[in-house]
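Shown next: my_file-v2.cif, containing mmCIF, C-alpha atoms.
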data_protein
#
loop_
_atom_site.label_atom_id
_atom_site.label_comp_id
_atom_site.auth_asym_id
_atom_site.auth_seq_id
_atom_site.Cartn_x
_atom_site.Cartn_y
_atom_site.Cartn_z
CA MET Z 1 -117.85 115.89 50.13
CA ALA Z 2 -118.42 117.77 46.89
CA GLU Z 3 -121.62 115.81 46.35
CA TRP Z 4 -122.87 116.70 49.86
CA THR Z 5 -122.05 120.38 49.40
CA GLU Z 6 -123.95 120.52 46.12
CA ILE Z 7 -126.96 118.74 47.59
CA SER Z 8 -126.96 121.06 50.60
CA ARG Z 9 -126.49 124.19 48.52
CA ARG Z 10 -129.57 123.40 46.46
CA GLY Z 11 -131.58 122.39 49.51
CA LEU Z 12 -132.03 118.89 48.03
CA ILE Z 13 -130.94 116.83 51.03
CA GLY Z 14 -131.00 113.05 50.73
CA GLY Z 15 -131.18 110.67 47.82
CA ILE Z 16 -127.94 108.81 48.51
CA ALA Z 17 -128.12 105.03 48.88
CA ALA Z 18 -128.23 104.05 52.55
CA ALA Z 19 -125.10 101.90 52.36
CA ALA Z 20 -123.08 104.79 50.97
CA ALA Z 21 -124.70 107.43 53.16
CA LEU Z 22 -124.08 105.57 56.39
CA THR Z 23 -120.42 104.81 55.65
CA GLY Z 24 -119.34 107.87 53.68
CA VAL Z 25 -117.40 110.83 54.98
CA THR Z 26 -119.69 113.44 56.49
CA PRO Z 27 -118.97 117.15 56.93
CA ALA Z 28 -118.83 116.70 60.69
CA GLN Z 29 -116.15 114.03 60.36
CA ALA Z 30 -114.19 115.98 57.79
CA SER Z 31 -113.94 119.04 60.02
CA THR Z 32 -113.73 117.35 63.44
CA PRO Z 33 -112.26 113.84 63.67
CA LEU Z 34 -113.98 111.70 66.28
CA VAL Z 35 -111.70 111.53 69.31
CA PRO Z 36 -112.53 108.67 71.72
CA ALA Z 37 -112.58 109.37 75.45
CA PRO Z 38 -111.93 106.79 78.19
CA PRO Z 39 -114.63 105.75 80.66
CA ILE Z 40 -114.67 107.14 84.18
CA GLY Z 41 -112.13 105.34 86.36
CA ARG Z 42 -111.65 104.56 90.02
CA PRO Z 43 -109.76 107.77 90.94
CA GLU Z 44 -112.65 109.92 89.74
CA HIS Z 45 -115.22 107.77 91.54
CA LEU Z 46 -113.24 108.21 94.76
CA ALA Z 47 -113.07 111.97 94.21
CA ARG Z 48 -116.84 112.04 93.78
CA LEU Z 49 -117.35 110.24 97.09
CA ALA Z 50 -115.03 112.69 98.82
CA LYS Z 51 -116.98 115.63 97.44
CA ALA Z 52 -120.29 114.01 98.44
CA ARG Z 53 -119.06 113.56 102.03
CA ALA Z 54 -117.93 117.18 102.21
CA LEU Z 55 -121.35 118.33 100.99
CA MET Z 56 -123.14 116.06 103.47
CA GLN Z 57 -121.09 117.51 106.29
CA ARG Z 58 -121.80 121.05 105.13
CA HIS Z 59 -125.56 120.46 104.95
CA GLY Z 60 -125.93 118.32 108.05
CA ILE Z 61 -126.85 115.10 106.25
CA GLY Z 62 -125.75 111.84 107.87
CA ALA Z 63 -126.15 109.55 104.86
CA VAL Z 64 -127.57 109.42 101.35
CA LEU Z 65 -129.45 106.44 99.90
CA ILE Z 66 -129.24 106.09 96.13
CA GLU Z 67 -131.30 103.74 93.98
CA PRO Z 68 -130.29 102.29 90.59
CA GLY Z 69 -130.00 104.83 87.82
CA ALA Z 70 -127.56 107.48 86.74
CA SER Z 71 -126.64 108.53 90.29
CA LEU Z 72 -125.77 104.97 91.33
CA ASP Z 73 -123.53 104.67 88.28
CA TYR Z 74 -122.07 108.13 88.98
CA PHE Z 75 -120.94 107.33 92.51
CA THR Z 76 -120.20 103.60 92.31
CA GLY Z 77 -119.82 102.53 88.68
CA VAL Z 78 -122.64 100.00 89.18
CA GLN Z 79 -125.11 100.01 86.29
CA TRP Z 80 -128.30 98.44 87.55
CA TRP Z 81 -132.06 98.62 87.12
CA ARG Z 82 -134.95 99.31 89.45
CA SER Z 83 -137.24 96.47 90.43
CA GLU Z 84 -139.21 95.31 93.44
CA ARG Z 85 -135.94 93.77 94.71
CA LEU Z 86 -133.95 96.64 96.20
CA THR Z 87 -130.37 97.30 95.16
CA ALA Z 88 -129.02 100.58 96.55
CA VAL Z 89 -125.91 102.26 97.88
CA VAL Z 90 -125.84 104.04 101.23
CA ILE Z 91 -123.12 106.68 101.40
CA PRO Z 92 -122.36 107.79 104.99
CA VAL Z 93 -120.87 111.14 105.91
CA SER Z 94 -117.69 109.31 106.91
CA GLY Z 95 -116.29 105.89 106.11
CA ASP Z 96 -116.97 103.53 103.23
CA PRO Z 97 -120.45 103.04 101.75
CA ILE Z 98 -122.39 99.81 101.67
CA VAL Z 99 -124.29 98.31 98.75
CA VAL Z 100 -127.47 96.45 99.64
CA THR Z 101 -128.53 93.85 97.06
CA PRO Z 102 -130.22 90.45 96.82
CA PHE Z 103 -127.94 87.50 97.70
CA PHE Z 104 -128.04 86.06 94.19
CA GLU Z 105 -127.14 89.43 92.61
CA LYS Z 106 -123.93 89.97 94.61
CA PRO Z 107 -121.48 88.58 92.00
CA SER Z 108 -123.03 90.70 89.25
CA VAL Z 109 -122.99 93.87 91.35
CA GLU Z 110 -119.36 93.32 92.35
CA GLU Z 111 -118.30 93.06 88.68
CA SER Z 112 -118.77 96.78 88.09
CA LEU Z 113 -118.33 98.17 91.62
CA GLY Z 114 -115.73 100.89 91.25
CA ILE Z 115 -115.34 102.00 94.88
CA PRO Z 116 -114.41 100.43 98.22
CA ALA Z 117 -117.73 99.27 99.64
CA GLU Z 118 -119.09 96.34 101.58
CA VAL Z 119 -121.81 94.45 99.74
CA ARG Z 120 -124.52 93.40 102.21
CA VAL Z 121 -126.99 90.86 100.90
CA TRP Z 122 -130.53 89.94 101.77
CA GLN Z 123 -132.46 86.75 101.07
CA GLU Z 124 -135.85 86.62 99.39
CA ASP Z 125 -137.67 86.27 102.73
CA GLU Z 126 -135.81 89.20 104.35
CA GLU Z 127 -136.37 92.96 104.38
CA PRO Z 128 -133.50 94.91 102.73
CA LEU Z 129 -134.31 98.16 104.54
CA LYS Z 130 -133.51 96.45 107.84
CA LEU Z 131 -129.93 96.16 106.56
CA VAL Z 132 -129.92 99.90 105.91
CA ALA Z 133 -131.32 100.66 109.37
CA ASP Z 134 -128.74 98.38 111.00
CA PHE Z 135 -125.93 100.07 109.09
CA LEU Z 136 -127.04 103.55 110.14
CA ARG Z 137 -127.12 102.44 113.78
CA GLU Z 138 -123.63 100.90 113.49
CA ARG Z 139 -122.25 104.17 112.15
CA GLY Z 140 -123.99 106.27 114.81
CA LEU Z 141 -126.22 107.88 112.19
CA ALA Z 142 -129.62 106.68 113.39
CA ASN Z 143 -130.55 110.20 114.51
CA GLN Z 144 -129.05 112.00 111.53
CA PRO Z 145 -131.06 113.09 108.45
CA VAL Z 146 -130.96 110.68 105.50
CA GLY Z 147 -130.97 112.15 102.00
CA PHE Z 148 -133.26 110.86 99.25
CA GLU Z 149 -133.47 111.84 95.59
CA GLU Z 150 -136.82 112.98 94.18
CA THR Z 151 -137.10 109.79 92.15
CA ASN Z 152 -136.70 107.40 95.09
CA ARG Z 153 -139.71 105.16 95.48
CA PHE Z 154 -142.04 105.55 98.45
CA PHE Z 155 -141.69 102.00 99.73
CA ILE Z 156 -138.01 102.60 100.53
CA LEU Z 157 -138.69 105.45 102.95
CA ASP Z 158 -141.77 103.70 104.29
CA LYS Z 159 -139.88 100.49 105.14
CA LEU Z 160 -136.89 102.39 106.51
CA GLN Z 161 -139.17 104.29 108.87
CA GLN Z 162 -140.60 101.00 110.10
CA HIS Z 163 -137.13 99.66 110.93
CA LEU Z 164 -135.71 102.98 112.11
CA PRO Z 165 -138.59 104.89 113.74
CA GLY Z 166 -138.11 108.64 113.76
CA VAL Z 167 -135.63 108.70 110.88
CA LYS Z 168 -135.70 112.11 109.22
CA ALA Z 169 -135.84 112.13 105.42
CA VAL Z 170 -134.41 115.16 103.61
CA SER Z 171 -133.66 116.05 100.02
CA ALA Z 172 -130.38 114.71 98.67
CA ASN Z 173 -130.23 117.56 96.13
CA PRO Z 174 -127.50 119.51 97.96
CA VAL Z 175 -125.29 116.44 97.68
CA VAL Z 176 -126.26 114.69 94.45
CA ARG Z 177 -126.92 117.83 92.42
CA GLY Z 178 -123.95 119.48 94.05
CA CYS Z 179 -121.76 116.76 92.57
CA ARG Z 180 -123.44 115.85 89.29
CA MET Z 181 -124.28 119.34 87.99
CA ILE Z 182 -120.60 120.31 87.79
CA LYS Z 183 -118.88 118.16 85.18
CA SER Z 184 -115.20 117.26 85.39
CA PRO Z 185 -112.81 117.40 82.41
CA ALA Z 186 -113.20 113.62 82.02
CA GLU Z 187 -116.98 113.95 81.86
CA LEU Z 188 -116.79 116.82 79.38
CA ALA Z 189 -114.51 114.74 77.15
CA LEU Z 190 -117.05 111.91 77.08
CA MET Z 191 -119.87 114.33 76.30
CA GLN Z 192 -117.81 115.88 73.51
CA HIS Z 193 -117.20 112.47 71.96
CA ALA Z 194 -120.90 111.63 72.18
CA ALA Z 195 -121.81 114.99 70.61
CA ASP Z 196 -119.40 114.46 67.71
CA ILE Z 197 -120.88 111.02 67.06
CA ASN Z 198 -124.42 112.36 67.27
CA VAL Z 199 -124.03 115.15 64.71
CA ALA Z 200 -122.12 112.87 62.34
CA ALA Z 201 -124.89 110.26 62.64
CA LEU Z 202 -127.58 112.85 61.93
CA ALA Z 203 -125.69 114.03 58.85
CA ARG Z 204 -125.32 110.48 57.56
CA THR Z 205 -129.01 109.83 58.15
CA ALA Z 206 -130.05 112.96 56.24
CA ARG Z 207 -127.99 111.83 53.26
CA ALA Z 208 -130.05 108.63 53.02
CA LEU Z 209 -133.55 110.21 53.04
CA LYS Z 210 -135.87 109.25 50.18
CA VAL Z 211 -139.42 110.13 49.12
CA GLY Z 212 -141.93 107.88 50.84
CA MET Z 213 -139.52 106.82 53.59
CA PRO Z 214 -141.38 106.29 56.88
CA ALA Z 215 -140.21 107.99 60.04
CA THR Z 216 -139.51 104.61 61.63
CA GLU Z 217 -136.98 103.81 58.89
CA VAL Z 218 -135.26 107.16 59.39
CA GLU Z 219 -134.87 106.43 63.08
CA ARG Z 220 -133.47 102.98 62.28
CA LEU Z 221 -130.89 104.50 59.93
CA TYR Z 222 -129.89 106.99 62.62
CA SER Z 223 -129.43 104.23 65.21
CA GLN Z 224 -127.34 102.23 62.76
CA ALA Z 225 -125.13 105.25 62.08
CA VAL Z 226 -124.59 105.84 65.82
CA THR Z 227 -123.64 102.20 66.34
CA ASP Z 228 -121.24 102.28 63.40
CA LEU Z 229 -119.57 105.37 64.85
CA GLY Z 230 -119.10 103.77 68.27
CA GLY Z 231 -121.96 105.21 70.30
CA VAL Z 232 -125.13 103.85 71.88
CA SER Z 233 -128.31 105.14 70.27
CA GLY Z 234 -131.07 106.57 72.40
CA GLY Z 235 -133.34 107.05 69.40
CA GLY Z 236 -135.32 110.21 69.10
CA LEU Z 237 -137.92 112.17 67.14
CA VAL Z 238 -138.34 112.12 63.38
CA LEU Z 239 -140.98 114.62 62.26
CA PHE Z 240 -142.18 115.57 58.77
CA GLY Z 241 -144.24 118.55 57.59
CA PRO Z 242 -146.93 119.80 60.02
CA ALA Z 243 -145.78 117.23 62.60
CA SER Z 244 -142.61 119.28 63.01
CA ALA Z 245 -144.77 121.89 64.80
CA LEU Z 246 -145.41 119.35 67.59
CA PRO Z 247 -142.38 119.57 69.91
CA HIS Z 248 -142.64 115.91 70.96
CA GLY Z 249 -144.15 114.62 67.76
CA THR Z 250 -147.04 112.39 66.84
CA GLY Z 251 -147.94 108.73 67.02
CA LYS Z 252 -149.49 108.82 63.54
CA PRO Z 253 -147.63 107.20 60.61
CA GLN Z 254 -145.49 109.59 58.59
CA ALA Z 255 -144.07 109.24 55.08
CA LEU Z 256 -141.56 111.75 53.71
CA GLN Z 257 -142.60 113.94 50.76
CA HIS Z 258 -140.83 116.55 48.64
CA GLY Z 259 -140.95 119.95 50.30
CA ASP Z 260 -141.49 118.61 53.81
CA VAL Z 261 -139.85 120.35 56.71
CA VAL Z 262 -137.84 117.60 58.42
CA LEU Z 263 -137.03 117.82 62.12
CA LEU Z 264 -134.59 115.26 63.52
CA ASP Z 265 -134.08 115.38 67.30
CA CYS Z 266 -131.99 112.44 68.48
CA GLY Z 267 -129.61 111.42 71.21
CA CYS Z 268 -126.83 108.94 71.86
CA SER Z 269 -124.35 108.13 74.61
CA VAL Z 270 -120.74 107.14 75.18
CA HIS Z 271 -119.85 105.32 78.42
CA GLY Z 272 -123.09 106.60 79.93
CA TYR Z 273 -122.69 110.26 78.91
CA GLN Z 274 -125.32 111.82 76.69
CA ALA Z 275 -125.54 113.92 73.54
CA ASP Z 276 -128.74 115.58 72.32
CA ASN Z 277 -129.03 117.40 68.99
CA ALA Z 278 -131.73 118.56 66.61
CA ARG Z 279 -131.55 119.69 63.00
CA THR Z 280 -134.32 121.12 60.81
CA PHE Z 281 -134.24 121.40 57.02
CA VAL Z 282 -136.42 121.12 53.93
CA PHE Z 283 -136.35 117.91 51.92
CA GLY Z 284 -136.18 117.92 48.13
CA ALA Z 285 -137.13 121.55 47.50
CA ASP Z 286 -136.01 125.10 48.10
CA PRO Z 287 -137.29 126.44 51.46
CA THR Z 288 -140.08 128.99 51.27
CA ALA Z 289 -139.53 132.56 52.40
CA GLU Z 290 -141.47 131.85 55.60
CA GLN Z 291 -139.46 128.71 56.34
CA ARG Z 292 -136.20 130.62 55.87
CA LYS Z 293 -137.37 133.46 58.10
CA VAL Z 294 -138.46 131.22 60.96
CA TRP Z 295 -135.31 129.07 60.68
CA GLN Z 296 -133.08 132.16 60.92
CA GLN Z 297 -135.08 133.57 63.83
CA MET Z 298 -134.77 130.31 65.73
CA ARG Z 299 -131.04 130.16 64.97
CA ARG Z 300 -130.75 133.72 66.28
CA GLY Z 301 -132.52 132.51 69.42
CA GLN Z 302 -129.64 130.13 70.10
CA ASP Z 303 -127.17 133.01 69.93
CA ILE Z 304 -129.33 135.11 72.25
CA ALA Z 305 -129.31 132.26 74.75
CA MET Z 306 -125.53 131.93 74.56
CA ALA Z 307 -125.06 135.66 75.08
CA ALA Z 308 -127.26 135.51 78.20
CA ALA Z 309 -125.51 132.45 79.67
CA LYS Z 310 -123.04 134.22 81.94
CA VAL Z 311 -121.35 132.78 85.00
CA GLY Z 312 -123.39 133.81 88.05
CA ALA Z 313 -126.55 134.59 86.08
CA ALA Z 314 -129.73 132.77 87.06
CA ALA Z 315 -130.42 129.82 84.75
CA GLY Z 316 -133.90 131.20 84.14
CA SER Z 317 -132.53 134.46 82.79
CA VAL Z 318 -131.39 132.63 79.64
CA ASP Z 319 -134.98 131.68 78.87
CA ASP Z 320 -136.11 135.21 79.72
CA ALA Z 321 -133.72 136.73 77.18
CA VAL Z 322 -134.84 134.44 74.37
CA ARG Z 323 -138.54 134.89 75.12
CA ALA Z 324 -138.23 138.68 75.21
CA SER Z 325 -136.77 138.69 71.70
CA TYR Z 326 -139.36 136.24 70.40
CA GLU Z 327 -142.19 138.36 71.77
CA GLY Z 328 -140.63 141.35 70.04
CA TRP Z 329 -140.84 139.40 66.78
CA GLY Z 330 -144.55 138.71 67.30
CA TYR Z 331 -144.44 135.27 68.96
CA GLY Z 332 -146.08 134.25 72.21
CA PRO Z 333 -146.46 135.94 74.57
CA GLY Z 334 -144.84 133.66 77.10
CA TYR Z 335 -145.21 130.00 76.23
CA ARG Z 336 -148.15 130.51 73.88
CA LEU Z 337 -148.16 129.53 70.22
CA PRO Z 338 -147.12 130.39 67.62
CA GLY Z 339 -143.76 130.67 69.31
CA LEU Z 340 -141.70 128.78 71.88
CA SER Z 341 -143.94 126.54 73.99
CA HIS Z 342 -141.20 124.85 76.01
CA ARG Z 343 -138.10 125.83 77.98
CA THR Z 344 -135.02 127.09 76.16
CA GLY Z 345 -132.91 124.19 77.41
CA HIS Z 346 -132.34 121.45 79.95
CA GLY Z 347 -129.42 120.15 81.90
CA ILE Z 348 -127.60 117.17 80.39
CA GLY Z 349 -124.93 114.72 81.49
CA MET Z 350 -125.45 111.08 82.41
CA GLU Z 351 -129.13 111.64 81.66
CA GLY Z 352 -130.54 113.31 78.58
CA HIS Z 353 -132.59 115.59 80.82
CA GLU Z 354 -131.24 116.43 84.25
CA PRO Z 355 -131.33 119.44 86.59
CA VAL Z 356 -131.36 122.33 86.20
CA ASN Z 357 -133.36 123.77 83.31
CA LEU Z 358 -133.10 127.00 81.34
CA VAL Z 359 -136.67 127.94 82.20
CA GLN Z 360 -138.41 130.99 83.61
CA GLY Z 361 -138.12 131.23 87.38
CA GLU Z 362 -135.08 128.95 87.77
CA SER Z 363 -132.78 130.84 90.15
CA THR Z 364 -129.80 128.46 90.24
CA PRO Z 365 -126.73 130.49 89.24
CA LEU Z 366 -124.76 129.29 86.23
CA ALA Z 367 -121.31 127.96 87.11
CA PRO Z 368 -118.33 126.49 85.25
CA GLY Z 369 -118.87 122.80 84.51
CA MET Z 370 -122.65 123.00 84.09
CA CYS Z 371 -123.97 121.58 80.80
CA PHE Z 372 -127.17 122.45 78.95
CA SER Z 373 -129.05 122.02 75.70
CA ASN Z 374 -129.81 125.17 73.72
CA GLU Z 375 -133.03 124.61 71.72
CA PRO Z 376 -135.42 127.59 71.63
CA GLY Z 377 -137.68 126.15 68.92
CA ILE Z 378 -140.35 128.11 67.08
CA TYR Z 379 -143.59 126.30 66.23
CA LEU Z 380 -146.38 127.36 63.87
CA PRO Z 381 -149.30 124.96 64.54
CA GLY Z 382 -150.66 123.32 61.40
CA LYS Z 383 -147.75 124.51 59.31
CA PHE Z 384 -144.27 123.57 60.53
CA GLY Z 385 -141.77 123.99 63.33
CA VAL Z 386 -138.06 124.67 63.53
CA ARG Z 387 -135.83 123.33 66.27
CA LEU Z 388 -132.06 123.37 66.27
CA GLU Z 389 -130.50 121.86 69.35
CA ASP Z 390 -126.87 122.09 70.34
CA CYS Z 391 -125.45 121.58 73.80
CA PHE Z 392 -122.92 123.72 75.61
CA PHE Z 393 -120.92 123.76 78.82
CA MET Z 394 -120.08 126.67 81.06
CA THR Z 395 -116.48 127.79 81.52
CA ALA Z 396 -115.05 130.59 83.64
CA ALA Z 397 -115.06 132.70 80.48
CA GLY Z 398 -118.63 131.83 79.53
CA PRO Z 399 -120.45 129.15 77.51
CA LYS Z 400 -118.75 126.93 74.93
CA TRP Z 401 -120.47 124.77 72.32
CA PHE Z 402 -120.07 121.00 72.20
CA THR Z 403 -121.38 121.23 68.63
CA VAL Z 404 -121.52 124.45 66.62
CA PRO Z 405 -124.97 125.14 65.14
CA PRO Z 406 -125.36 125.43 61.35
CA SER Z 407 -125.55 128.88 59.80
CA SER Z 408 -128.07 128.17 57.03
CA ILE Z 409 -131.17 126.09 56.37
CA ASP Z 410 -129.49 125.13 53.09
CA GLN Z 411 -126.51 123.58 54.86
CA PRO Z 412 -127.93 122.14 58.08
CA PHE Z 413 -124.85 120.07 58.77
CA GLY Z 414 -122.17 122.60 57.82
#
Please, can you express the file's structure as structure tokens?
Amino acid sequence: MAEWTEISRRGLIGGIAAAAALTGVTPAQASTPLVPAPPIGRPEHLARLAKARALMQRHGIGAVLIEPGASLDYFTGVQWWRSERLTAVVIPVSGDPIVVTPFFEKPSVEESLGIPAEVRVWQEDEEPLKLVADFLRERGLANQPVGFEETNRFFILDKLQQHLPGVKAVSANPVVRGCRMIKSPAELALMQHAADINVAALARTARALKVGMPATEVERLYSQAVTDLGGVSGGGLVLFGPASALPHGTGKPQALQHGDVVLLDCGCSVHGYQADNARTFVFGADPTAEQRKVWQQMRRGQDIAMAAAKVGAAAGSVDDAVRASYEGWGYGPGYRLPGLSHRTGHGIGMEGHEPVNLVQGESTPLAPGMCFSNEPGIYLPGKFGVRLEDCFFMTAAGPKWFTVPPSSIDQPFG
């Protein structure tokens, strides 16, 4: 710990052997022990279905069809993938759902199914959407609107319309977003655990940086640290020098040099719940006056966002508040560079990016249980960029950090 503090104080981050860096005590661990959280269980899955049914009734939706992905996992516990062979759940406004899946996949689907549901199978020479149409008729829902997520593939609706002529497709947002945007205490606990792992892994990775190290090796070290700490790595961005001014990086090879601005933006998960953090610092040299100024301005941007994130306020107003300050400091205007060329933050939960965003024009009111990233980066093309990213969740009293941002470019991990 003393060694880390001295390295951080002098701005000379890195230089510790990888084996020691990836297993040593980090500041994040020393101040906040990693507290495991249990996976989502059957009672919560049942509560989610009950809420979904209530929302369907309120919005006049007879059923919702959900493809593999985060929403399928959210409502059923089934973790599956999308392919040309349809697996999906159909949640009716009343009664138990059905899961439609290929005959040979039934045993695998049933392994993780966490709700009462009939599994209806189809053979390779049969049309799965006929099963869905038959089910809707059985339940008296053939003339009721069916909800679809934005990411549902066209062939599903197309085939359903062939087997159930006149079916009305509507957005499932009032149901799916209505459930998933508001996180439960169990979900928040999983996200907190993932966030603690993520910052600790980033700190360990920074300790192992060396001159000449390629970005690909840095990402590998990060993934190893996440795994060692009990998370699942989602990888991320590793940017050096001028590449740090490119919000989503570059495909060109990078090798770390003394004095480079280093931007690490990485994510991991625990039991399907995501963490997303970014840290920016200078490697092997004291930051310049300009680097310090921009870093502090960007850090101030995070605080401005938190001050604007009030229950009932439009999500877009958070971005407005940050952008107004940045323009007052000479950046922009708007999304122009130098300045902040992307939204202030995005929703986060079972997906790294999920609705809604902290972006201009977003009118969704902030409510307790919503979770967001806070990352109002500042980018100077051709020179460097600074992005700190910490996520927060809304409470009745206002926003609360999952991870507390650093206070200084010299001590980017506390």
Can you tell me which residues surround Z:Ala305 at a distance of at most 8 Å, considering all atoms listed in the file, apart from same-chain residues fewer than 2 positions away, and format the answer as a PDB file with C-alpha atoms, keeping the file's coordinate frame?
ATOM      1  CA  GLY Z 301    -132.520 132.510  69.420  1.00  0.00           C
ATOM      2  CA  GLN Z 302    -129.640 130.130  70.100  1.00  0.00           C
ATOM      3  CA  ASP Z 303    -127.170 133.010  69.930  1.00  0.00           C
ATOM      4  CA  ALA Z 307    -125.060 135.660  75.080  1.00  0.00           C
ATOM      5  CA  ALA Z 308    -127.260 135.510  78.200  1.00  0.00           C
ATOM      6  CA  ALA Z 309    -125.510 132.450  79.670  1.00  0.00           C
ATOM      7  CA  VAL Z 318    -131.390 132.630  79.640  1.00  0.00           C
ATOM      8  CA  ASP Z 319    -134.980 131.680  78.870  1.00  0.00           C
ATOM      9  CA  ALA Z 321    -133.720 136.730  77.180  1.00  0.00           C
ATOM     10  CA  VAL Z 322    -134.840 134.440  74.370  1.00  0.00           C
ATOM     11  CA  THR Z 344    -135.020 127.090  76.160  1.00  0.00           C
ATOM     12  CA  ASN Z 374    -129.810 125.170  73.720  1.00  0.00           C
TER      13      ASN Z 374
END
| Residues matched by the PyMOL selection byres ((chain Z and resi 400) around 12), written as number ranges by chain | Z: 188, 192, 303, 305-307, 309-311, 368-374, 390-399, 401-405
| task | Rounded to one decimal place, report the atom CA of Z:His258-atom CA of Z:Arg299 distance in Å. | result |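 For atom CA of Z:His258 relative to atom CA of Z:Arg299, the distance reads 23.4 Å.
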| Residues selected by the PyMOL selection byres ((chain Z and resi 251) around 12), written as a list of chain:residue names |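 For this structure, the PyMOL selection byres ((chain Z and resi 251) around 12) captures Z:Ala215, Z:Thr216, Z:Leu237, Z:Val238, Z:Leu239, Z:Ala243, Z:Leu246, Z:His248, Z:Gly249, Z:Thr250, Z:Lys252, Z:Pro253, Z:Gln254.
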| message | Since I can't run it myself right now, could you work out what the PyMOL selection byres ((chain Z and resi 202) around 9) selects here and report it as a list in words? | response |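 Checked against the file, the PyMOL selection byres ((chain Z and resi 202) around 9) matches Ile197, Asn198, Val199, Ala200, Ala201, Ala203, Arg204, Thr205, Ala206, Arg207, Tyr222, Ala225, Val226, Leu264, Asp265, Cys266, Asn277, Ala278, Arg279 and Phe413 of chain Z.
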| Selection near stretch 170-186 of chain Z, 6 Å with only C-alpha atoms, sequence-local residues under 2 positions removed, as a ChimeraX atom specification | /Z:52,55,146-149,188-189,369-370
Adding 5 Å on each side of the box along x, y and z that holds all listed atoms of stretch 403-413 of chain Z, could you give its centre and edge lengths in Å to one decimal, as lines of an AutoDock Vina configuration file?
center_x = -126.3
center_y = 124.5
center_z = 60.9
size_x = 19.8
size_y = 18.8
size_z = 25.5
| task | Skip Z:Gly230 itself and residues of its chain fewer than 2 positions away, then list as a ChimeraX atom specification all residues within 12 Å of it, counting only C-alpha atoms. | result | /Z:34-37,193-198,200-201,223-228,232-233,268-271
| Can you tell me how far atom CA of Z:Ile66 sits from atom CA of Z:Arg139, in Å to one decimal? | 17.6 Å
| query | Between Z:Leu358, Z:Ala208, Z:Gly259, Z:Pro376, which has the minimum distance to Z:Pro247 (counting all atoms listed in the file)? | reply |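 Looking only at the distances to Z:Pro247, the closest residue turns out to be Z:Pro376.
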| query | What is the distance between atom CA of Z:Leu256 and atom CA of Z:Ser408, in Å to one decimal? | reply | 21.5 Å
| query | Which is closest to Z:Val359 among Z:Gly316, Z:Gly330, Z:Gly140, Z:Gly377, if we use all atoms listed in the file? | reply | Z:Gly316
| Shell around Z:Val121 at 12 Å using all atoms listed in the file, local window under 3 positions removed, as a PyMOL selection string | chain Z and resi 85-89+98-107+109-110+118+124-132
| At a cut-off of 10 Å from (-132.9, 127.0, 84.2) in the coordinates of the file, what residues are picked up using all atoms listed in the file, written as a ChimeraX atom specification? | /Z:314-320,343-347,355-366,372
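Residues with any atom within 7 Å of Z:Gly349, counting all atoms listed in the file and excluding same-chain neighbours fewer than 3 positions away, are Tyr273, Gln274, Gly352 and Cys371 of chain Z.
Considering the residues Z:Gly312, Z:Pro242, Z:Gly236, Z:Pro116 and counting only C-alpha atoms, Z:Ala367 has its shortest atom-to-atom contact with Z:Gly312.
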| request: Around the point (-144.4, 121.9, 61.8) in the file's coordinates, collect all residues with an atom within 12 Å, using all atoms listed in the file, and return them as a ChimeraX atom specification. | output: /Z:238-250,260-264,280-282,291,294-295,337-339,377-387
Would you save the residues from that selection as a compact mmCIF listing (two decimals), keeping the file's coordinate frame, using C-alpha atoms?
# COMPACT_ATOMS: atom_id res chain seq x y z
CA VAL Z 238 -138.34 112.12 63.38
CA LEU Z 239 -140.98 114.62 62.26
CA PHE Z 240 -142.18 115.57 58.77
CA GLY Z 241 -144.24 118.55 57.59
CA PRO Z 242 -146.93 119.80 60.02
CA ALA Z 243 -145.78 117.23 62.60
CA SER Z 244 -142.61 119.28 63.01
CA ALA Z 245 -144.77 121.89 64.80
CA LEU Z 246 -145.41 119.35 67.59
CA PRO Z 247 -142.38 119.57 69.91
CA HIS Z 248 -142.64 115.91 70.96
CA GLY Z 249 -144.15 114.62 67.76
CA THR Z 250 -147.04 112.39 66.84
CA ASP Z 260 -141.49 118.61 53.81
CA VAL Z 261 -139.85 120.35 56.71
CA VAL Z 262 -137.84 117.60 58.42
CA LEU Z 263 -137.03 117.82 62.12
CA LEU Z 264 -134.59 115.26 63.52
CA THR Z 280 -134.32 121.12 60.81
CA PHE Z 281 -134.24 121.40 57.02
CA VAL Z 282 -136.42 121.12 53.93
CA GLN Z 291 -139.46 128.71 56.34
CA VAL Z 294 -138.46 131.22 60.96
CA TRP Z 295 -135.31 129.07 60.68
CA LEU Z 337 -148.16 129.53 70.22
CA PRO Z 338 -147.12 130.39 67.62
CA GLY Z 339 -143.76 130.67 69.31
CA GLY Z 377 -137.68 126.15 68.92
CA ILE Z 378 -140.35 128.11 67.08
CA TYR Z 379 -143.59 126.30 66.23
CA LEU Z 380 -146.38 127.36 63.87
CA PRO Z 381 -149.30 124.96 64.54
CA GLY Z 382 -150.66 123.32 61.40
CA LYS Z 383 -147.75 124.51 59.31
CA PHE Z 384 -144.27 123.57 60.53
CA GLY Z 385 -141.77 123.99 63.33
CA VAL Z 386 -138.06 124.67 63.53
CA ARG Z 387 -135.83 123.33 66.27
